[in-house]
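Structure below is query-v3.tsv: TSV, N, CA, C and O atoms.
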```tsv
chain	number	residue	atom	x	y	z
A	12	MET	N	-17.37	6.06	-29.26
A	12	MET	CA	-16.02	6.05	-28.77
A	12	MET	C	-15.98	6.65	-27.36
A	12	MET	O	-16.61	7.66	-27.09
A	13	THR	N	-15.26	6.03	-26.47
A	13	THR	CA	-15.16	6.54	-25.11
A	13	THR	C	-14.12	7.64	-25.04
A	13	THR	O	-13.18	7.69	-25.84
A	14	SER	N	-14.30	8.52	-24.07
A	14	SER	CA	-13.33	9.60	-23.91
A	14	SER	C	-12.12	9.06	-23.16
A	14	SER	O	-12.20	8.12	-22.39
A	15	PRO	N	-10.96	9.69	-23.38
A	15	PRO	CA	-9.74	9.23	-22.71
A	15	PRO	C	-9.82	9.46	-21.20
A	15	PRO	O	-10.57	10.29	-20.72
A	16	LEU	N	-8.99	8.72	-20.49
A	16	LEU	CA	-8.83	8.91	-19.06
A	16	LEU	C	-7.65	9.86	-18.86
A	16	LEU	O	-6.53	9.55	-19.27
A	17	ASN	N	-7.91	11.01	-18.28
A	17	ASN	CA	-6.88	12.00	-18.02
A	17	ASN	C	-6.45	11.91	-16.57
A	17	ASN	O	-7.29	11.75	-15.69
A	18	VAL	N	-5.16	12.04	-16.35
A	18	VAL	CA	-4.61	11.92	-15.01
A	18	VAL	C	-3.62	13.06	-14.78
A	18	VAL	O	-2.80	13.36	-15.65
A	19	VAL	N	-3.72	13.66	-13.62
A	19	VAL	CA	-2.72	14.62	-13.16
A	19	VAL	C	-2.07	13.98	-11.93
A	19	VAL	O	-2.76	13.61	-10.99
A	20	ALA	N	-0.77	13.82	-11.98
A	20	ALA	CA	-0.02	13.28	-10.84
A	20	ALA	C	0.85	14.38	-10.27
A	20	ALA	O	1.53	15.08	-11.02
A	21	ILE	N	0.82	14.53	-8.96
A	21	ILE	CA	1.59	15.57	-8.28
A	21	ILE	C	2.62	14.89	-7.39
A	21	ILE	O	2.28	14.02	-6.57
A	22	MET	N	3.88	15.28	-7.60
A	22	MET	CA	5.00	14.70	-6.84
A	22	MET	C	5.79	15.83	-6.21
A	22	MET	O	6.13	16.81	-6.88
A	23	LYS	N	6.09	15.70	-4.93
A	23	LYS	CA	6.84	16.73	-4.20
A	23	LYS	C	8.12	16.10	-3.67
A	23	LYS	O	8.09	15.16	-2.89
A	24	ALA	N	9.25	16.65	-4.11
A	24	ALA	CA	10.55	16.14	-3.70
A	24	ALA	C	10.90	16.61	-2.29
A	24	ALA	O	10.50	17.70	-1.87
A	25	LYS	N	11.67	15.80	-1.60
A	25	LYS	CA	12.25	16.24	-0.34
A	25	LYS	C	13.21	17.39	-0.66
A	25	LYS	O	13.79	17.43	-1.75
A	26	PRO	N	13.37	18.33	0.27
A	26	PRO	CA	14.33	19.43	0.03
A	26	PRO	C	15.71	18.87	-0.32
A	26	PRO	O	16.19	17.93	0.32
A	27	GLY	N	16.30	19.42	-1.37
A	27	GLY	CA	17.61	18.96	-1.83
A	27	GLY	C	17.55	17.79	-2.80
A	27	GLY	O	18.57	17.41	-3.36
A	28	LYS	N	16.36	17.22	-3.02
A	28	LYS	CA	16.21	16.07	-3.92
A	28	LYS	C	15.52	16.46	-5.24
A	28	LYS	O	15.19	15.61	-6.05
A	29	GLU	N	15.35	17.76	-5.46
A	29	GLU	CA	14.64	18.23	-6.65
A	29	GLU	C	15.32	17.78	-7.95
A	29	GLU	O	14.65	17.30	-8.87
A	30	ALA	N	16.63	17.93	-8.03
A	30	ALA	CA	17.35	17.55	-9.25
A	30	ALA	C	17.26	16.05	-9.49
A	30	ALA	O	17.11	15.61	-10.64
A	31	GLN	N	17.33	15.28	-8.43
A	31	GLN	CA	17.23	13.83	-8.58
A	31	GLN	C	15.85	13.43	-9.10
A	31	GLN	O	15.73	12.59	-9.99
A	32	LEU	N	14.79	14.05	-8.57
A	32	LEU	CA	13.44	13.75	-9.05
A	32	LEU	C	13.27	14.19	-10.49
A	32	LEU	O	12.75	13.44	-11.33
A	33	LYS	N	13.75	15.39	-10.81
A	33	LYS	CA	13.65	15.90	-12.18
A	33	LYS	C	14.36	14.96	-13.15
A	33	LYS	O	13.81	14.61	-14.20
A	34	ASN	N	15.57	14.53	-12.83
A	34	ASN	CA	16.32	13.64	-13.71
A	34	ASN	C	15.64	12.29	-13.88
A	34	ASN	O	15.58	11.75	-14.98
A	35	LEU	N	15.11	11.76	-12.78
A	35	LEU	CA	14.41	10.48	-12.85
A	35	LEU	C	13.19	10.57	-13.76
A	35	LEU	O	12.99	9.73	-14.64
A	36	LEU	N	12.40	11.61	-13.56
A	36	LEU	CA	11.18	11.77	-14.37
A	36	LEU	C	11.51	12.04	-15.83
A	36	LEU	O	10.87	11.46	-16.73
A	37	GLN	N	12.49	12.89	-16.10
A	37	GLN	CA	12.84	13.18	-17.49
A	37	GLN	C	13.40	11.96	-18.21
A	37	GLN	O	13.15	11.78	-19.39
A	38	SER	N	14.15	11.13	-17.50
A	38	SER	CA	14.70	9.94	-18.16
A	38	SER	C	13.61	8.91	-18.46
A	38	SER	O	13.71	8.17	-19.42
A	39	ALA	N	12.56	8.89	-17.65
A	39	ALA	CA	11.46	7.94	-17.87
A	39	ALA	C	10.44	8.45	-18.90
A	39	ALA	O	9.69	7.66	-19.47
A	40	LEU	N	10.42	9.75	-19.13
A	40	LEU	CA	9.39	10.35	-19.99
A	40	LEU	C	9.25	9.70	-21.36
A	40	LEU	O	8.13	9.35	-21.76
A	41	PRO	N	10.32	9.48	-22.12
A	41	PRO	CA	10.14	8.87	-23.45
A	41	PRO	C	9.52	7.46	-23.38
A	41	PRO	O	8.69	7.11	-24.23
A	42	GLN	N	9.90	6.69	-22.36
A	42	GLN	CA	9.32	5.35	-22.23
A	42	GLN	C	7.84	5.45	-21.90
A	42	GLN	O	7.02	4.70	-22.45
A	43	PHE	N	7.46	6.36	-21.00
A	43	PHE	CA	6.05	6.55	-20.67
A	43	PHE	C	5.25	6.93	-21.92
A	43	PHE	O	4.17	6.41	-22.16
A	44	GLN	N	5.80	7.84	-22.71
A	44	GLN	CA	5.09	8.33	-23.89
A	44	GLN	C	4.88	7.25	-24.95
A	44	GLN	O	3.97	7.36	-25.77
A	45	HIS	N	5.71	6.22	-24.94
A	45	HIS	CA	5.60	5.16	-25.94
A	45	HIS	C	4.87	3.92	-25.44
A	45	HIS	O	4.77	2.92	-26.16
A	46	GLU	N	4.33	3.97	-24.24
A	46	GLU	CA	3.57	2.83	-23.73
A	46	GLU	C	2.24	2.72	-24.49
A	46	GLU	O	1.65	3.74	-24.87
A	47	PRO	N	1.77	1.50	-24.70
A	47	PRO	CA	0.48	1.32	-25.38
A	47	PRO	C	-0.64	2.05	-24.63
A	47	PRO	O	-0.71	2.01	-23.40
A	48	GLY	N	-1.45	2.75	-25.38
A	48	GLY	CA	-2.59	3.45	-24.80
A	48	GLY	C	-2.29	4.85	-24.30
A	48	GLY	O	-3.19	5.56	-23.86
A	49	CYS	N	-1.04	5.29	-24.38
A	49	CYS	CA	-0.69	6.64	-23.95
A	49	CYS	C	-0.98	7.62	-25.09
A	49	CYS	O	-0.39	7.53	-26.17
A	50	GLN	N	-1.90	8.54	-24.86
A	50	GLN	CA	-2.22	9.56	-25.86
A	50	GLN	C	-1.39	10.82	-25.66
A	50	GLN	O	-1.08	11.52	-26.62
A	51	ALA	N	-1.04	11.10	-24.41
A	51	ALA	CA	-0.22	12.28	-24.10
A	51	ALA	C	0.41	12.08	-22.73
A	51	ALA	O	-0.19	11.48	-21.84
A	52	TYR	N	1.62	12.59	-22.59
A	52	TYR	CA	2.30	12.54	-21.29
A	52	TYR	C	3.23	13.74	-21.23
A	52	TYR	O	4.21	13.81	-21.97
A	53	ALA	N	2.90	14.68	-20.38
A	53	ALA	CA	3.71	15.90	-20.24
A	53	ALA	C	4.20	16.00	-18.80
A	53	ALA	O	3.47	15.69	-17.86
A	54	LEU	N	5.43	16.44	-18.65
A	54	LEU	CA	6.03	16.63	-17.34
A	54	LEU	C	6.22	18.12	-17.11
A	54	LEU	O	6.76	18.82	-17.96
A	55	LEU	N	5.77	18.60	-15.96
A	55	LEU	CA	5.80	20.02	-15.65
A	55	LEU	C	6.45	20.25	-14.29
A	55	LEU	O	6.32	19.42	-13.39
A	56	MET	N	7.13	21.40	-14.14
A	56	MET	CA	7.72	21.77	-12.87
A	56	MET	C	7.07	23.07	-12.40
A	56	MET	O	6.92	24.01	-13.19
A	57	ASP	N	6.68	23.11	-11.16
A	57	ASP	CA	6.03	24.27	-10.57
A	57	ASP	C	7.00	25.45	-10.53
A	57	ASP	O	8.12	25.33	-10.00
A	58	LEU	N	6.61	26.59	-11.06
A	58	LEU	CA	7.46	27.77	-11.09
A	58	LEU	C	7.62	28.42	-9.72
A	58	LEU	O	8.62	29.09	-9.45
A	59	GLU	N	6.64	28.21	-8.85
A	59	GLU	CA	6.70	28.83	-7.53
A	59	GLU	C	7.23	27.89	-6.46
A	59	GLU	O	7.63	28.33	-5.39
A	60	ASP	N	7.21	26.60	-6.73
A	60	ASP	CA	7.71	25.61	-5.77
A	60	ASP	C	8.55	24.59	-6.53
A	60	ASP	O	8.02	23.64	-7.09
A	61	PRO	N	9.86	24.78	-6.59
A	61	PRO	CA	10.72	23.89	-7.39
A	61	PRO	C	10.80	22.46	-6.87
A	61	PRO	O	11.39	21.61	-7.52
A	62	THR	N	10.19	22.18	-5.73
A	62	THR	CA	10.16	20.80	-5.25
A	62	THR	C	8.96	20.04	-5.81
A	62	THR	O	8.87	18.83	-5.65
A	63	ARG	N	8.02	20.76	-6.47
A	63	ARG	CA	6.78	20.12	-6.94
A	63	ARG	C	6.81	19.93	-8.46
A	63	ARG	O	7.04	20.85	-9.23
A	64	PHE	N	6.55	18.70	-8.84
A	64	PHE	CA	6.47	18.30	-10.25
A	64	PHE	C	5.08	17.74	-10.51
A	64	PHE	O	4.49	17.08	-9.64
A	65	VAL	N	4.58	17.99	-11.71
A	65	VAL	CA	3.25	17.54	-12.09
A	65	VAL	C	3.35	16.85	-13.44
A	65	VAL	O	4.04	17.33	-14.34
A	66	SER	N	2.66	15.73	-13.56
A	66	SER	CA	2.54	15.13	-14.88
A	66	SER	C	1.09	15.23	-15.32
A	66	SER	O	0.18	15.12	-14.49
A	67	TYR	N	0.91	15.53	-16.60
A	67	TYR	CA	-0.42	15.47	-17.22
A	67	TYR	C	-0.37	14.28	-18.16
A	67	TYR	O	0.50	14.20	-19.03
A	68	GLU	N	-1.31	13.37	-17.97
A	68	GLU	CA	-1.33	12.14	-18.76
A	68	GLU	C	-2.71	11.93	-19.36
A	68	GLU	O	-3.71	12.24	-18.72
A	69	SER	N	-2.74	11.39	-20.54
A	69	SER	CA	-4.01	11.01	-21.17
A	69	SER	C	-3.85	9.59	-21.68
A	69	SER	O	-2.93	9.29	-22.45
A	70	TRP	N	-4.75	8.71	-21.23
A	70	TRP	CA	-4.70	7.28	-21.56
A	70	TRP	C	-5.97	6.86	-22.27
A	70	TRP	O	-7.04	7.44	-22.05
A	71	ASP	N	-5.85	5.85	-23.11
A	71	ASP	CA	-7.03	5.36	-23.84
A	71	ASP	C	-8.15	4.99	-22.89
A	71	ASP	O	-9.32	5.27	-23.16
A	72	ASP	N	-7.80	4.34	-21.78
A	72	ASP	CA	-8.80	3.85	-20.84
A	72	ASP	C	-8.12	3.42	-19.55
A	72	ASP	O	-6.90	3.53	-19.41
A	73	GLU	N	-8.91	2.92	-18.63
A	73	GLU	CA	-8.40	2.47	-17.33
A	73	GLU	C	-7.38	1.34	-17.50
A	73	GLU	O	-6.38	1.29	-16.78
A	74	ALA	N	-7.63	0.44	-18.43
A	74	ALA	CA	-6.70	-0.68	-18.65
A	74	ALA	C	-5.32	-0.17	-19.07
A	74	ALA	O	-4.30	-0.70	-18.61
A	75	ALA	N	-5.27	0.84	-19.91
A	75	ALA	CA	-3.98	1.40	-20.34
A	75	ALA	C	-3.26	2.05	-19.16
A	75	ALA	O	-2.04	1.90	-19.01
A	76	LEU	N	-4.01	2.75	-18.31
A	76	LEU	CA	-3.39	3.36	-17.13
A	76	LEU	C	-2.86	2.28	-16.19
A	76	LEU	O	-1.74	2.39	-15.68
A	77	GLN	N	-3.62	1.23	-15.98
A	77	GLN	CA	-3.17	0.16	-15.09
A	77	GLN	C	-1.94	-0.55	-15.66
A	77	GLN	O	-1.04	-0.92	-14.90
A	78	ALA	N	-1.88	-0.71	-16.97
A	78	ALA	CA	-0.70	-1.31	-17.59
A	78	ALA	C	0.52	-0.41	-17.36
A	78	ALA	O	1.62	-0.89	-17.09
A	79	HIS	N	0.33	0.91	-17.46
A	79	HIS	CA	1.40	1.87	-17.18
A	79	HIS	C	1.89	1.73	-15.74
A	79	HIS	O	3.10	1.73	-15.48
A	80	MET	N	0.96	1.59	-14.81
A	80	MET	CA	1.32	1.49	-13.40
A	80	MET	C	2.12	0.22	-13.10
A	80	MET	O	2.87	0.18	-12.14
A	81	LYS	N	1.97	-0.80	-13.95
A	81	LYS	CA	2.66	-2.07	-13.76
A	81	LYS	C	3.85	-2.26	-14.70
A	81	LYS	O	4.56	-3.26	-14.61
A	82	ALA	N	4.08	-1.31	-15.58
A	82	ALA	CA	5.17	-1.42	-16.56
A	82	ALA	C	6.52	-1.27	-15.87
A	82	ALA	O	6.64	-0.60	-14.83
A	83	PRO	N	7.55	-1.90	-16.43
A	83	PRO	CA	8.88	-1.88	-15.79
A	83	PRO	C	9.44	-0.48	-15.52
A	83	PRO	O	10.08	-0.27	-14.49
A	84	THR	N	9.22	0.46	-16.41
A	84	THR	CA	9.79	1.79	-16.21
A	84	THR	C	9.31	2.39	-14.89
A	84	THR	O	10.10	2.92	-14.10
A	85	LEU	N	8.01	2.29	-14.62
A	85	LEU	CA	7.48	2.86	-13.39
A	85	LEU	C	7.78	1.98	-12.19
A	85	LEU	O	8.18	2.48	-11.14
A	86	THR	N	7.61	0.68	-12.31
A	86	THR	CA	7.85	-0.19	-11.16
A	86	THR	C	9.32	-0.15	-10.72
A	86	THR	O	9.61	-0.21	-9.53
A	87	ASN	N	10.24	-0.01	-11.66
A	87	ASN	CA	11.66	0.11	-11.31
A	87	ASN	C	11.97	1.45	-10.65
A	87	ASN	O	12.90	1.56	-9.85
A	88	ALA	N	11.22	2.48	-10.99
A	88	ALA	CA	11.44	3.81	-10.42
A	88	ALA	C	10.82	3.97	-9.03
A	88	ALA	O	11.25	4.83	-8.26
A	89	MET	N	9.85	3.15	-8.69
A	89	MET	CA	9.12	3.33	-7.43
A	89	MET	C	10.01	3.30	-6.19
A	89	MET	O	9.85	4.15	-5.31
A	90	PRO	N	10.95	2.37	-6.05
A	90	PRO	CA	11.80	2.40	-4.85
A	90	PRO	C	12.61	3.70	-4.73
A	90	PRO	O	12.79	4.22	-3.63
A	91	VAL	N	13.05	4.23	-5.85
A	91	VAL	CA	13.79	5.50	-5.83
A	91	VAL	C	12.83	6.64	-5.45
A	91	VAL	O	13.16	7.49	-4.62
A	92	LEU	N	11.65	6.63	-6.06
A	92	LEU	CA	10.67	7.67	-5.75
A	92	LEU	C	10.33	7.68	-4.26
A	92	LEU	O	10.21	8.75	-3.65
A	93	GLU	N	10.19	6.52	-3.67
A	93	GLU	CA	9.84	6.44	-2.24
A	93	GLU	C	10.90	7.11	-1.38
A	93	GLU	O	10.58	7.66	-0.33
A	94	ASN	N	12.15	7.11	-1.84
A	94	ASN	CA	13.24	7.73	-1.07
A	94	ASN	C	13.39	9.22	-1.30
A	94	ASN	O	13.99	9.91	-0.47
A	95	ILE	N	12.89	9.72	-2.43
A	95	ILE	CA	13.10	11.15	-2.72
A	95	ILE	C	11.83	11.99	-2.64
A	95	ILE	O	11.91	13.21	-2.66
A	96	LEU	N	10.66	11.35	-2.51
A	96	LEU	CA	9.42	12.11	-2.39
A	96	LEU	C	9.18	12.50	-0.93
A	96	LEU	O	9.36	11.69	-0.02
A	97	ALA	N	8.76	13.74	-0.72
A	97	ALA	CA	8.46	14.23	0.62
A	97	ALA	C	7.14	13.69	1.14
A	97	ALA	O	6.91	13.64	2.34
A	98	GLU	N	6.26	13.29	0.21
A	98	GLU	CA	4.94	12.78	0.56
A	98	GLU	C	4.49	11.85	-0.56
A	98	GLU	O	5.05	11.89	-1.65
A	99	PRO	N	3.50	11.01	-0.30
A	99	PRO	CA	3.05	10.11	-1.37
A	99	PRO	C	2.57	10.88	-2.60
A	99	PRO	O	2.00	11.98	-2.48
A	100	MET	N	2.82	10.31	-3.77
A	100	MET	CA	2.36	10.91	-5.02
A	100	MET	C	0.84	10.99	-5.00
A	100	MET	O	0.16	10.05	-4.60
A	101	GLN	N	0.31	12.13	-5.41
A	101	GLN	CA	-1.14	12.30	-5.52
A	101	GLN	C	-1.53	12.09	-6.97
A	101	GLN	O	-0.89	12.62	-7.88
A	102	GLN	N	-2.58	11.31	-7.19
A	102	GLN	CA	-3.04	11.04	-8.55
A	102	GLN	C	-4.51	11.46	-8.65
A	102	GLN	O	-5.34	10.97	-7.89
A	103	ILE	N	-4.78	12.37	-9.59
A	103	ILE	CA	-6.14	12.87	-9.79
A	103	ILE	C	-6.61	12.41	-11.16
A	103	ILE	O	-5.96	12.67	-12.17
A	104	ARG	N	-7.75	11.71	-11.20
A	104	ARG	CA	-8.32	11.21	-12.46
A	104	ARG	C	-9.40	12.17	-12.92
A	104	ARG	O	-10.25	12.58	-12.12
A	105	LEU	N	-9.37	12.52	-14.20
A	105	LEU	CA	-10.25	13.57	-14.72
A	105	LEU	C	-10.89	13.15	-16.04
A	105	LEU	O	-10.26	12.49	-16.86
A	106	ASN	N	-12.13	13.59	-16.23
A	106	ASN	CA	-12.79	13.47	-17.52
A	106	ASN	C	-12.76	14.82	-18.20
A	106	ASN	O	-12.98	15.85	-17.56
A	107	GLN	N	-12.48	14.82	-19.48
A	107	GLN	CA	-12.46	16.06	-20.26
A	107	GLN	C	-13.88	16.43	-20.62
A	107	GLN	O	-14.65	15.59	-21.11
A	108	LEU	N	-14.24	17.67	-20.40
A	108	LEU	CA	-15.59	18.14	-20.73
A	108	LEU	C	-15.65	18.57	-22.19
A	108	LEU	O	-14.65	19.01	-22.76
A	109	PRO	N	-16.82	18.43	-22.81
A	109	PRO	CA	-16.98	18.84	-24.21
A	109	PRO	C	-16.55	20.29	-24.40
A	109	PRO	O	-16.79	21.15	-23.55
A	110	GLY	N	-15.89	20.55	-25.50
A	110	GLY	CA	-15.44	21.90	-25.84
A	110	GLY	C	-14.01	22.18	-25.38
A	110	GLY	O	-13.44	23.20	-25.75
A	111	SER	N	-13.43	21.28	-24.58
A	111	SER	CA	-12.06	21.46	-24.12
A	111	SER	C	-11.09	21.24	-25.27
A	111	SER	O	-11.36	20.46	-26.19
A	112	THR	N	-9.94	21.88	-25.21
A	112	THR	CA	-8.95	21.76	-26.29
A	112	THR	C	-7.64	21.18	-25.82
A	112	THR	O	-6.60	21.44	-26.41
A	113	VAL	N	-7.66	20.42	-24.77
A	113	VAL	CA	-6.41	19.81	-24.26
A	113	VAL	C	-5.95	18.74	-25.23
A	113	VAL	O	-6.69	17.97	-25.73
```

What does this structure look like when you write it as structure tokens?
Amino acid sequence: MTSPLNVVAIMKAKPGKEAQLKNLLQSALPQFQHEPGCQAYALLMDLEDPTRFVSYESWDDEAALQAHMKAPTLTNAMPVLENILAEPMQQIRLNQLPGSTV
């Protein structure tokens, strides 16, 4: 069995757009969590920088992640994200090491 593909996405809102980004992400969260191949999807807000939001995602494989990137929930949100993000979303792909408990 292959290990899941873990992704951390970092999004930084423009000043004054934090609530809009938070609401957009929270409203999309249930749909993201129910997409095929999604093993986990958590949304986090930085305690020291309220403009920064992080998602932790775990996908069955690259194909599941690519399907997520093309799914209507995310593609419909992209034009809004482009207007409220201070910088492009950063996406970090990670492999879980043996012994991890995530």

In Å, how far is it from atom N of Phe64 (chain A) to atom O of Leu108 (chain A)?
-> 25.4 Å

Contacts of region 88-102 of chain A within 5 Å, only N, CA, C and O atoms, excl. fewer than 4 positions in-chain, as a CSV table (one decimal) with N, CA, C and O atoms, in the coordinates of the input:
```csv
chain,number,residue,atom,x,y,z
A,19,VAL,N,-3.7,13.7,-13.6
A,19,VAL,CA,-2.7,14.6,-13.2
A,19,VAL,C,-2.1,14.0,-11.9
A,19,VAL,O,-2.8,13.6,-11.0
A,20,ALA,N,-0.8,13.8,-12.0
A,20,ALA,CA,0.0,13.3,-10.8
A,20,ALA,C,0.8,14.4,-10.3
A,20,ALA,O,1.5,15.1,-11.0
A,21,ILE,N,0.8,14.5,-9.0
A,21,ILE,CA,1.6,15.6,-8.3
A,21,ILE,C,2.6,14.9,-7.4
A,21,ILE,O,2.3,14.0,-6.6
A,22,MET,N,3.9,15.3,-7.6
A,22,MET,CA,5.0,14.7,-6.8
A,22,MET,C,5.8,15.8,-6.2
A,22,MET,O,6.1,16.8,-6.9
A,23,LYS,N,6.1,15.7,-4.9
A,23,LYS,CA,6.8,16.7,-4.2
A,23,LYS,C,8.1,16.1,-3.7
A,23,LYS,O,8.1,15.2,-2.9
A,24,ALA,N,9.2,16.6,-4.1
A,24,ALA,CA,10.6,16.1,-3.7
A,24,ALA,C,10.9,16.6,-2.3
A,24,ALA,O,10.5,17.7,-1.9
A,25,LYS,N,11.7,15.8,-1.6
A,25,LYS,CA,12.2,16.2,-0.3
A,25,LYS,C,13.2,17.4,-0.7
A,25,LYS,O,13.8,17.4,-1.8
A,83,PRO,N,7.6,-1.9,-16.4
A,83,PRO,CA,8.9,-1.9,-15.8
A,83,PRO,C,9.4,-0.5,-15.5
A,83,PRO,O,10.1,-0.3,-14.5
A,84,THR,N,9.2,0.5,-16.4
A,84,THR,CA,9.8,1.8,-16.2
A,84,THR,C,9.3,2.4,-14.9
A,84,THR,O,10.1,2.9,-14.1
```

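Proximity to Asp72 (chain A) was assessed for A:Ala39, A:Pro47, A:Ser111, A:Glu29 counting all atoms listed in the file; the smallest distance is recorded for A:Pro47.
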
Based on DSSP run over this structure's backbone, return all residues of chain A in strand (DSSP E), as a list in words.
-> Leu16, Asn17, Val18, Val19, Ala20, Ile21, Met22, Lys23, Cys49, Gln50, Ala51, Tyr52, Ala53, Leu54, Leu55, Met56, Arg63, Phe64, Val65, Ser66, Tyr67, Glu68, Ser69, Trp70, Gln101, Gln102, Ile103, Arg104 and Leu105 of chain A

Same residues, N, CA, C and O atoms, output as a compact mmCIF listing (two decimals), in the frame of the given file:
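Contents of the output file again_22.txt:
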```
# COMPACT_ATOMS: atom_id res chain seq x y z
N LEU A 16 -8.99 8.72 -20.49
CA LEU A 16 -8.83 8.91 -19.06
C LEU A 16 -7.65 9.86 -18.86
O LEU A 16 -6.53 9.55 -19.27
N ASN A 17 -7.91 11.01 -18.28
CA ASN A 17 -6.88 12.00 -18.02
C ASN A 17 -6.45 11.91 -16.57
O ASN A 17 -7.29 11.75 -15.69
N VAL A 18 -5.16 12.04 -16.35
CA VAL A 18 -4.61 11.92 -15.01
C VAL A 18 -3.62 13.06 -14.78
O VAL A 18 -2.80 13.36 -15.65
N VAL A 19 -3.72 13.66 -13.62
CA VAL A 19 -2.72 14.62 -13.16
C VAL A 19 -2.07 13.98 -11.93
O VAL A 19 -2.76 13.61 -10.99
N ALA A 20 -0.77 13.82 -11.98
CA ALA A 20 -0.02 13.28 -10.84
C ALA A 20 0.85 14.38 -10.27
O ALA A 20 1.53 15.08 -11.02
N ILE A 21 0.82 14.53 -8.96
CA ILE A 21 1.59 15.57 -8.28
C ILE A 21 2.62 14.89 -7.39
O ILE A 21 2.28 14.02 -6.57
N MET A 22 3.88 15.28 -7.60
CA MET A 22 5.00 14.70 -6.84
C MET A 22 5.79 15.83 -6.21
O MET A 22 6.13 16.81 -6.88
N LYS A 23 6.09 15.70 -4.93
CA LYS A 23 6.84 16.73 -4.20
C LYS A 23 8.12 16.10 -3.67
O LYS A 23 8.09 15.16 -2.89
N CYS A 49 -1.04 5.29 -24.38
CA CYS A 49 -0.69 6.64 -23.95
C CYS A 49 -0.98 7.62 -25.09
O CYS A 49 -0.39 7.53 -26.17
N GLN A 50 -1.90 8.54 -24.86
CA GLN A 50 -2.22 9.56 -25.86
C GLN A 50 -1.39 10.82 -25.66
O GLN A 50 -1.08 11.52 -26.62
N ALA A 51 -1.04 11.10 -24.41
CA ALA A 51 -0.22 12.28 -24.10
C ALA A 51 0.41 12.08 -22.73
O ALA A 51 -0.19 11.48 -21.84
N TYR A 52 1.62 12.59 -22.59
CA TYR A 52 2.30 12.54 -21.29
C TYR A 52 3.23 13.74 -21.23
O TYR A 52 4.21 13.81 -21.97
N ALA A 53 2.90 14.68 -20.38
CA ALA A 53 3.71 15.90 -20.24
C ALA A 53 4.20 16.00 -18.80
O ALA A 53 3.47 15.69 -17.86
N LEU A 54 5.43 16.44 -18.65
CA LEU A 54 6.03 16.63 -17.34
C LEU A 54 6.22 18.12 -17.11
O LEU A 54 6.76 18.82 -17.96
N LEU A 55 5.77 18.60 -15.96
CA LEU A 55 5.80 20.02 -15.65
C LEU A 55 6.45 20.25 -14.29
O LEU A 55 6.32 19.42 -13.39
N MET A 56 7.13 21.40 -14.14
CA MET A 56 7.72 21.77 -12.87
C MET A 56 7.07 23.07 -12.40
O MET A 56 6.92 24.01 -13.19
N ARG A 63 8.02 20.76 -6.47
CA ARG A 63 6.78 20.12 -6.94
C ARG A 63 6.81 19.93 -8.46
O ARG A 63 7.04 20.85 -9.23
N PHE A 64 6.55 18.70 -8.84
CA PHE A 64 6.47 18.30 -10.25
C PHE A 64 5.08 17.74 -10.51
O PHE A 64 4.49 17.08 -9.64
N VAL A 65 4.58 17.99 -11.71
CA VAL A 65 3.25 17.54 -12.09
C VAL A 65 3.35 16.85 -13.44
O VAL A 65 4.04 17.33 -14.34
N SER A 66 2.66 15.73 -13.56
CA SER A 66 2.54 15.13 -14.88
C SER A 66 1.09 15.23 -15.32
O SER A 66 0.18 15.12 -14.49
N TYR A 67 0.91 15.53 -16.60
CA TYR A 67 -0.42 15.47 -17.22
C TYR A 67 -0.37 14.28 -18.16
O TYR A 67 0.50 14.20 -19.03
N GLU A 68 -1.31 13.37 -17.97
CA GLU A 68 -1.33 12.14 -18.76
C GLU A 68 -2.71 11.93 -19.36
O GLU A 68 -3.71 12.24 -18.72
N SER A 69 -2.74 11.39 -20.54
CA SER A 69 -4.01 11.01 -21.17
C SER A 69 -3.85 9.59 -21.68
O SER A 69 -2.93 9.29 -22.45
N TRP A 70 -4.75 8.71 -21.23
CA TRP A 70 -4.70 7.28 -21.56
C TRP A 70 -5.97 6.86 -22.27
O TRP A 70 -7.04 7.44 -22.05
N GLN A 101 0.31 12.13 -5.41
CA GLN A 101 -1.14 12.30 -5.52
C GLN A 101 -1.53 12.09 -6.97
O GLN A 101 -0.89 12.62 -7.88
N GLN A 102 -2.58 11.31 -7.19
CA GLN A 102 -3.04 11.04 -8.55
C GLN A 102 -4.51 11.46 -8.65
O GLN A 102 -5.34 10.97 -7.89
N ILE A 103 -4.78 12.37 -9.59
CA ILE A 103 -6.14 12.87 -9.79
C ILE A 103 -6.61 12.41 -11.16
O ILE A 103 -5.96 12.67 -12.17
N ARG A 104 -7.75 11.71 -11.20
CA ARG A 104 -8.32 11.21 -12.46
C ARG A 104 -9.40 12.17 -12.92
O ARG A 104 -10.25 12.58 -12.12
N LEU A 105 -9.37 12.52 -14.20
CA LEU A 105 -10.25 13.57 -14.72
C LEU A 105 -10.89 13.15 -16.04
O LEU A 105 -10.26 12.49 -16.86
```

Can you list, as a PyMOL selection string, every residue of chain A that DSSP puts in helix (DSSP H, G or I)?
-> chain A and resi 29-44+73-81+83-95

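Using all atoms listed in the file, the nearest neighbour of Ile103 (chain A) within the list A:Val18, A:Asp71, A:Thr86, A:His45 is A:Val18.
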
Neighbour list for Glu68 (chain A) as a ChimeraX atom specification, cut-off 6 Å, all atoms listed in the file, skip fewer than 4 positions in-chain | /A:16-19,51-53

Select, from A:Glu46, A:Ser38, A:Arg104, A:Asp57, the residue with the minimum atom-to-atom distance to Ala78 (chain A), counting only N, CA, C and O atoms.
-> A:Glu46

Pairwise distance, atom O of Ala75 (chain A) with atom O of Leu36 (chain A), equals 16.2 Å

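Atom O of Gln107 (chain A) to atom O of Met80 (chain A) spans 25.0 Å [interatomic distance, one decimal].
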